[in-house]
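Visitor: Here's a structure for you.
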Amino acid sequence: QFVVEQLKSIPDTKIFISPGNHDPIRKDSVYQQERWPDNVYIFQNSWETLYFPEYRLHLSGRGFADFSDRDGTLPKPIENAMYHIYVMHGDFQEADSIYFPIMEHDLFKHHVDYVALGHIHKRQTFHLKNEKKTIIHYPGSPEARSWKEIGERFLTFGKLDERGVYLEDVPIHTKKYEHVLIDVTDCTSLSQVIEQIRTMLDQYLEESYFVLQLTGRSSIPTEDNNWLKKIHAKLSSHYKWIYLEDKTLPNYNLKQLREQKSLIGTFITIMENRIAQETDAKKKRVLETALYRGLNAMEKEEAM
């Protein structure tokens, strides 16, 4: 009801909606159940092309009829269109996607100026080297929906004229999600960790949400599962929107342990060789984690 009232308040603005996989135009959808203002046009699940002579503009669009769509079809190209825009929801360059795959080679011969895309929450722009120099654009989600959607969020303001397509970012988020890594290697107490976090957070705006990943080699005993809660309790009165994750590794003296003629020394040598040979950064990180978890396990076994 709120959305309908807002759209009614701008009757001279034409609004075109391409339903997606989260809001398909099914019989039970809000698009079918509600009465929408006259200035709102909702595309169905087959391509439609509208023409606006006052702008010399063709506008082609389609939407999802269900929660997935492997169709991946495009509208019939219009050769002599002065201006042409496509509005759709789908996955660009993902041939096996169940969310309407859109391939560059299929779009290449279309005389379309701008492809307005929904589906991917990250802002992305692609330029085709075709006759029209087509611009394909995901504006991204205008408000972050999870910790994965960090930083500023935008809507896109665009202009289309004889000079081409002009796009402008308009930030409209109410809060930002920030992912902050904090190396606690040199900290020997919780108070030092808290002070380091405060120093880091003071660089950011207070209205942000924060995921704080504590990294490095920690010499702070972490057997107590409440240590993150203790840090959070100290910080939450000032920094209300924070979430802490422990990504630290134990601060072992690898050189000293490697020189031991024992299972631990052999294990360290083998793992360090594998880590040195690995070129993929993500896999290298997994191996490093495995090294320290292995040492943890062997240390506990010896203690028993």
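Every chain in the structure tokens has a letter given in the order shown (A, B, ...), and although residue numbers restart at 1 in each chain, ligands are simply numbered from 1 in the order shown.
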Which residues come within 12 Å of A:Thr289, counting only C-alpha atoms, excluding same-chain residues fewer than 2 positions away, as a ChimeraX atom specification?
Guide: /A:215-217,247-250,271-272,275,282-287,291-296
Visitor: Take the residues that were just selected and, keeping N, CA and C atoms, output them as a PDB file, in the first residue's frame.
Guide:
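File produced: selection03.pdb:
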```pdb
ATOM      1  N   THR A 215      41.822 -11.432  13.048  1.00  0.00           N
ATOM      2  CA  THR A 215      42.759 -12.296  12.321  1.00  0.00           C
ATOM      3  C   THR A 215      44.138 -12.245  12.977  1.00  0.00           C
ATOM      4  N   GLY A 216      45.060 -13.022  12.410  1.00  0.00           N
ATOM      5  CA  GLY A 216      46.441 -13.020  12.893  1.00  0.00           C
ATOM      6  C   GLY A 216      46.716 -14.204  13.808  1.00  0.00           C
ATOM      7  N   ARG A 217      47.888 -14.186  14.433  1.00  0.00           N
ATOM      8  CA  ARG A 217      48.316 -15.229  15.354  1.00  0.00           C
ATOM      9  C   ARG A 217      48.041 -14.746  16.774  1.00  0.00           C
ATOM     10  N   LYS A 247      38.727 -15.362  13.525  1.00  0.00           N
ATOM     11  CA  LYS A 247      39.472 -16.011  12.445  1.00  0.00           C
ATOM     12  C   LYS A 247      40.959 -16.092  12.792  1.00  0.00           C
ATOM     13  N   THR A 248      41.254 -15.996  14.094  1.00  0.00           N
ATOM     14  CA  THR A 248      42.654 -16.031  14.522  1.00  0.00           C
ATOM     15  C   THR A 248      43.191 -17.459  14.509  1.00  0.00           C
ATOM     16  N   LEU A 249      44.511 -17.557  14.465  1.00  0.00           N
ATOM     17  CA  LEU A 249      45.211 -18.837  14.550  1.00  0.00           C
ATOM     18  C   LEU A 249      46.129 -18.814  15.774  1.00  0.00           C
ATOM     19  N   PRO A 250      46.346 -19.957  16.400  1.00  0.00           N
ATOM     20  CA  PRO A 250      47.221 -19.987  17.588  1.00  0.00           C
ATOM     21  C   PRO A 250      48.635 -19.506  17.250  1.00  0.00           C
ATOM     22  N   MET A 271      53.226 -29.833   5.772  1.00  0.00           N
ATOM     23  CA  MET A 271      52.214 -28.803   5.515  1.00  0.00           C
ATOM     24  C   MET A 271      52.841 -27.529   4.964  1.00  0.00           C
ATOM     25  N   GLU A 272      54.001 -27.137   5.483  1.00  0.00           N
ATOM     26  CA  GLU A 272      54.659 -25.926   4.986  1.00  0.00           C
ATOM     27  C   GLU A 272      55.099 -26.102   3.533  1.00  0.00           C
ATOM     28  N   ILE A 275      51.957 -25.691   1.453  1.00  0.00           N
ATOM     29  CA  ILE A 275      51.566 -24.271   1.429  1.00  0.00           C
ATOM     30  C   ILE A 275      52.447 -23.484   0.467  1.00  0.00           C
ATOM     31  N   LYS A 282      43.153 -18.686  -2.017  1.00  0.00           N
ATOM     32  CA  LYS A 282      42.096 -19.246  -1.176  1.00  0.00           C
ATOM     33  C   LYS A 282      42.510 -20.620  -0.651  1.00  0.00           C
ATOM     34  N   LYS A 283      43.080 -21.450  -1.544  1.00  0.00           N
ATOM     35  CA  LYS A 283      43.517 -22.788  -1.127  1.00  0.00           C
ATOM     36  C   LYS A 283      44.686 -22.701  -0.149  1.00  0.00           C
ATOM     37  N   LYS A 284      45.555 -21.697  -0.366  1.00  0.00           N
ATOM     38  CA  LYS A 284      46.694 -21.504   0.552  1.00  0.00           C
ATOM     39  C   LYS A 284      46.182 -21.196   1.964  1.00  0.00           C
ATOM     40  N   ARG A 285      45.131 -20.360   2.028  1.00  0.00           N
ATOM     41  CA  ARG A 285      44.546 -20.011   3.324  1.00  0.00           C
ATOM     42  C   ARG A 285      43.952 -21.239   4.008  1.00  0.00           C
ATOM     43  N   VAL A 286      43.305 -22.111   3.232  1.00  0.00           N
ATOM     44  CA  VAL A 286      42.736 -23.346   3.775  1.00  0.00           C
ATOM     45  C   VAL A 286      43.841 -24.227   4.356  1.00  0.00           C
ATOM     46  N   LEU A 287      44.961 -24.351   3.636  1.00  0.00           N
ATOM     47  CA  LEU A 287      46.080 -25.160   4.104  1.00  0.00           C
ATOM     48  C   LEU A 287      46.697 -24.583   5.379  1.00  0.00           C
ATOM     49  N   LEU A 291      46.945 -26.424   8.969  1.00  0.00           N
ATOM     50  CA  LEU A 291      48.192 -26.591   9.723  1.00  0.00           C
ATOM     51  C   LEU A 291      47.958 -26.305  11.205  1.00  0.00           C
ATOM     52  N   TYR A 292      47.323 -25.165  11.482  1.00  0.00           N
ATOM     53  CA  TYR A 292      47.151 -24.767  12.875  1.00  0.00           C
ATOM     54  C   TYR A 292      46.085 -25.599  13.584  1.00  0.00           C
ATOM     55  N   ARG A 293      45.069 -26.027  12.850  1.00  0.00           N
ATOM     56  CA  ARG A 293      44.075 -26.911  13.473  1.00  0.00           C
ATOM     57  C   ARG A 293      44.690 -28.276  13.785  1.00  0.00           C
ATOM     58  N   GLY A 294      45.570 -28.724  12.901  1.00  0.00           N
ATOM     59  CA  GLY A 294      46.272 -29.982  13.151  1.00  0.00           C
ATOM     60  C   GLY A 294      47.139 -29.890  14.393  1.00  0.00           C
ATOM     61  N   LEU A 295      47.872 -28.780  14.529  1.00  0.00           N
ATOM     62  CA  LEU A 295      48.710 -28.586  15.717  1.00  0.00           C
ATOM     63  C   LEU A 295      47.850 -28.516  16.974  1.00  0.00           C
ATOM     64  N   ASN A 296      46.698 -27.849  16.864  1.00  0.00           N
ATOM     65  CA  ASN A 296      45.770 -27.790  17.997  1.00  0.00           C
ATOM     66  C   ASN A 296      45.360 -29.185  18.445  1.00  0.00           C
TER      67      ASN A 296
END
```
Visitor: According to DSSP computed on the backbone, where in stretch 152-236 of chain A is there strand (DSSP E)? Give the residues as a PyMOL selection string.
Guide: chain A and resi 154-161+164-171+177-183+209-215+217-218
Visitor: Could the residues in this selection be saved with N, CA, C and O atoms as a compact mmCIF listing (two decimals), in the first residue's frame?
Guide:
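In the end it all went to part.txt:
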```
# COMPACT_ATOMS: atom_id res chain seq x y z
N PHE A 154 23.49 1.87 -4.31
CA PHE A 154 23.05 2.93 -5.22
C PHE A 154 21.77 2.57 -5.96
O PHE A 154 21.40 1.42 -6.09
N LEU A 155 21.12 3.62 -6.49
CA LEU A 155 20.24 3.45 -7.63
C LEU A 155 20.94 4.15 -8.79
O LEU A 155 21.91 4.89 -8.60
N THR A 156 20.47 3.90 -10.01
CA THR A 156 21.12 4.47 -11.19
C THR A 156 20.21 5.51 -11.83
O THR A 156 19.04 5.23 -12.12
N PHE A 157 20.75 6.70 -12.03
CA PHE A 157 20.07 7.73 -12.80
C PHE A 157 20.73 7.77 -14.18
O PHE A 157 21.95 7.87 -14.28
N GLY A 158 19.92 7.66 -15.23
CA GLY A 158 20.51 7.60 -16.56
C GLY A 158 19.88 8.57 -17.54
O GLY A 158 18.72 8.97 -17.39
N LYS A 159 20.66 8.94 -18.55
CA LYS A 159 20.17 9.76 -19.66
C LYS A 159 20.54 9.07 -20.96
O LYS A 159 21.62 8.49 -21.08
N LEU A 160 19.64 9.16 -21.94
CA LEU A 160 19.89 8.59 -23.25
C LEU A 160 19.54 9.64 -24.30
O LEU A 160 18.41 10.13 -24.35
N ASP A 161 20.53 10.03 -25.10
CA ASP A 161 20.28 10.98 -26.19
C ASP A 161 21.19 10.64 -27.36
O ASP A 161 21.81 9.56 -27.38
N GLY A 164 24.60 9.22 -26.70
CA GLY A 164 24.75 7.91 -26.09
C GLY A 164 24.11 7.83 -24.72
O GLY A 164 23.19 8.59 -24.41
N VAL A 165 24.60 6.91 -23.91
CA VAL A 165 24.05 6.65 -22.57
C VAL A 165 24.95 7.28 -21.52
O VAL A 165 26.17 7.11 -21.54
N TYR A 166 24.33 8.00 -20.59
CA TYR A 166 25.06 8.58 -19.46
C TYR A 166 24.47 8.02 -18.18
O TYR A 166 23.25 8.05 -17.98
N LEU A 167 25.29 7.47 -17.30
CA LEU A 167 24.83 6.88 -16.05
C LEU A 167 25.46 7.59 -14.86
O LEU A 167 26.64 7.95 -14.88
N GLU A 168 24.66 7.77 -13.83
CA GLU A 168 25.14 8.41 -12.60
C GLU A 168 24.74 7.57 -11.39
O GLU A 168 23.61 7.11 -11.29
N ASP A 169 25.69 7.37 -10.47
CA ASP A 169 25.42 6.66 -9.22
C ASP A 169 24.72 7.60 -8.24
O ASP A 169 25.20 8.72 -8.03
N VAL A 170 23.63 7.14 -7.63
CA VAL A 170 22.95 7.92 -6.61
C VAL A 170 22.87 7.08 -5.34
O VAL A 170 22.07 6.15 -5.26
N PRO A 171 23.73 7.34 -4.34
CA PRO A 171 23.70 6.55 -3.10
C PRO A 171 22.44 6.86 -2.30
O PRO A 171 22.12 8.03 -2.06
N TYR A 177 26.94 -1.77 5.27
CA TYR A 177 27.61 -2.92 5.89
C TYR A 177 29.10 -2.79 5.60
O TYR A 177 29.48 -2.61 4.44
N GLU A 178 29.91 -2.87 6.61
CA GLU A 178 31.36 -2.79 6.45
C GLU A 178 32.00 -4.08 6.97
O GLU A 178 31.67 -4.56 8.05
N HIS A 179 32.92 -4.62 6.19
CA HIS A 179 33.64 -5.84 6.56
C HIS A 179 35.06 -5.42 6.93
O HIS A 179 35.83 -5.01 6.07
N VAL A 180 35.41 -5.52 8.21
CA VAL A 180 36.68 -4.99 8.70
C VAL A 180 37.55 -6.12 9.26
O VAL A 180 37.09 -6.89 10.11
N LEU A 181 38.78 -6.22 8.75
CA LEU A 181 39.74 -7.20 9.27
C LEU A 181 40.63 -6.52 10.30
O LEU A 181 41.17 -5.44 10.05
N ILE A 182 40.77 -7.15 11.45
CA ILE A 182 41.59 -6.58 12.52
C ILE A 182 42.62 -7.61 12.95
O ILE A 182 42.27 -8.68 13.49
N ASP A 183 43.89 -7.32 12.72
CA ASP A 183 44.98 -8.23 13.06
C ASP A 183 45.33 -8.05 14.53
O ASP A 183 45.76 -6.97 14.96
N TYR A 209 26.82 -0.81 9.78
CA TYR A 209 26.85 -2.13 10.41
C TYR A 209 28.26 -2.70 10.18
O TYR A 209 28.81 -2.53 9.10
N PHE A 210 28.80 -3.41 11.17
CA PHE A 210 30.16 -3.92 11.03
C PHE A 210 30.24 -5.43 11.27
O PHE A 210 29.68 -5.93 12.23
N VAL A 211 30.93 -6.12 10.38
CA VAL A 211 31.41 -7.46 10.65
C VAL A 211 32.89 -7.33 10.93
O VAL A 211 33.65 -6.88 10.07
N LEU A 212 33.29 -7.65 12.12
CA LEU A 212 34.69 -7.52 12.52
C LEU A 212 35.32 -8.90 12.57
O LEU A 212 34.93 -9.74 13.40
N GLN A 213 36.24 -9.16 11.66
CA GLN A 213 36.95 -10.44 11.65
C GLN A 213 38.30 -10.25 12.32
O GLN A 213 39.14 -9.50 11.84
N LEU A 214 38.49 -10.94 13.46
CA LEU A 214 39.76 -10.89 14.17
C LEU A 214 40.69 -11.91 13.54
O LEU A 214 40.38 -13.10 13.47
N THR A 215 41.82 -11.43 13.05
CA THR A 215 42.76 -12.30 12.32
C THR A 215 44.14 -12.24 12.98
O THR A 215 44.37 -11.51 13.93
N ARG A 217 47.89 -14.19 14.43
CA ARG A 217 48.32 -15.23 15.35
C ARG A 217 48.04 -14.75 16.77
O ARG A 217 48.69 -13.82 17.26
N SER A 218 47.07 -15.34 17.42
CA SER A 218 46.65 -14.86 18.73
C SER A 218 47.31 -15.64 19.86
O SER A 218 47.30 -16.87 19.86
```
Visitor: Within 12 Å of A:Asp71, counting only C-alpha atoms, which residues qualify if same-chain residues fewer than 5 places away don't, as JSON, numbers by chain?
Guide: {"A": [45, 46, 47, 62, 63, 64, 65, 66, 89, 90, 91, 95, 96, 97, 98, 99, 100, 101, 102, 103]}
Visitor: Mind dumping the selected residues with C-alpha atoms as an mmCIF file, in the first residue's frame?
Guide:
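Wrote out.cif, looks like this:
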```
data_model
loop_
_atom_site.group_PDB
_atom_site.id
_atom_site.type_symbol
_atom_site.label_atom_id
_atom_site.label_comp_id
_atom_site.auth_asym_id
_atom_site.auth_seq_id
_atom_site.Cartn_x
_atom_site.Cartn_y
_atom_site.Cartn_z
ATOM 1 C CA ASN A 45 6.616 -13.476 -18.918
ATOM 2 C CA SER A 46 6.757 -12.971 -22.700
ATOM 3 C CA TRP A 47 8.547 -10.150 -24.478
ATOM 4 C CA ARG A 62 9.692 -9.272 -19.841
ATOM 5 C CA GLY A 63 9.378 -10.812 -16.373
ATOM 6 C CA PHE A 64 9.498 -14.126 -14.547
ATOM 7 C CA ALA A 65 6.338 -16.235 -14.323
ATOM 8 C CA ASP A 66 7.842 -18.486 -11.626
ATOM 9 C CA HIS A 89 15.714 -9.808 -14.875
ATOM 10 C CA GLY A 90 18.454 -12.377 -15.411
ATOM 11 C CA ASP A 91 22.014 -13.701 -15.284
ATOM 12 C CA ALA A 95 24.847 -20.072 -19.714
ATOM 13 C CA ASP A 96 23.746 -22.724 -17.188
ATOM 14 C CA SER A 97 21.786 -20.380 -14.936
ATOM 15 C CA ILE A 98 18.210 -21.198 -13.991
ATOM 16 C CA TYR A 99 17.578 -17.451 -13.685
ATOM 17 C CA PHE A 100 17.183 -16.429 -17.334
ATOM 18 C CA PRO A 101 20.687 -16.696 -18.852
ATOM 19 C CA ILE A 102 21.592 -13.732 -21.080
ATOM 20 C CA MET A 103 24.589 -14.275 -23.327
#
```
Visitor: Which is closer to A:Gln93 than all the others in A:Ser191, A:Asp113, A:Pro142, A:Phe126, using only C-alpha atoms?
Guide: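 The closest residue to A:Gln93 is A:Phe126.
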Visitor: Between A:Ala281, A:Val193, A:Leu107, A:Met88, which is the closest to A:His119 once you count only C-alpha atoms?
Guide: A:Met88
Visitor: At what distance in Å, to one decimal, does atom CA of A:Pro19 lie from atom CA of A:Tyr31?
Guide: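 Taking atom CA of A:Tyr31 as the start and atom CA of A:Pro19 as the end point, the length is 8.6 Å.
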Visitor: Determine the nearest neighbour of A:Lys109 from the options A:Lys8, A:Lys76, A:His121, A:Lys229, counting only C-alpha atoms.
Guide: A:Lys76
Visitor: Given the choices A:Glu299, A:Glu48, A:Asp23, A:Asp106, which gets closest to A:Phe67 if the distance is worked out from only C-alpha atoms?
Guide: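 With only C-alpha atoms as the atom set, the closest residue is A:Asp23.
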Visitor: Can you pull out the residues contacting A:Trp36? Cut-off 10 Å, using only C-alpha atoms, and skip same-chain residues under 4 positions away; I want them as a list in words.
Guide: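 Near A:Trp36, the qualifying residues are Gln1, Val3, Val4, Glu5, Leu7, Lys8, Val30, Tyr31, Gln32, Val40, Tyr41 and Ile42 of chain A.
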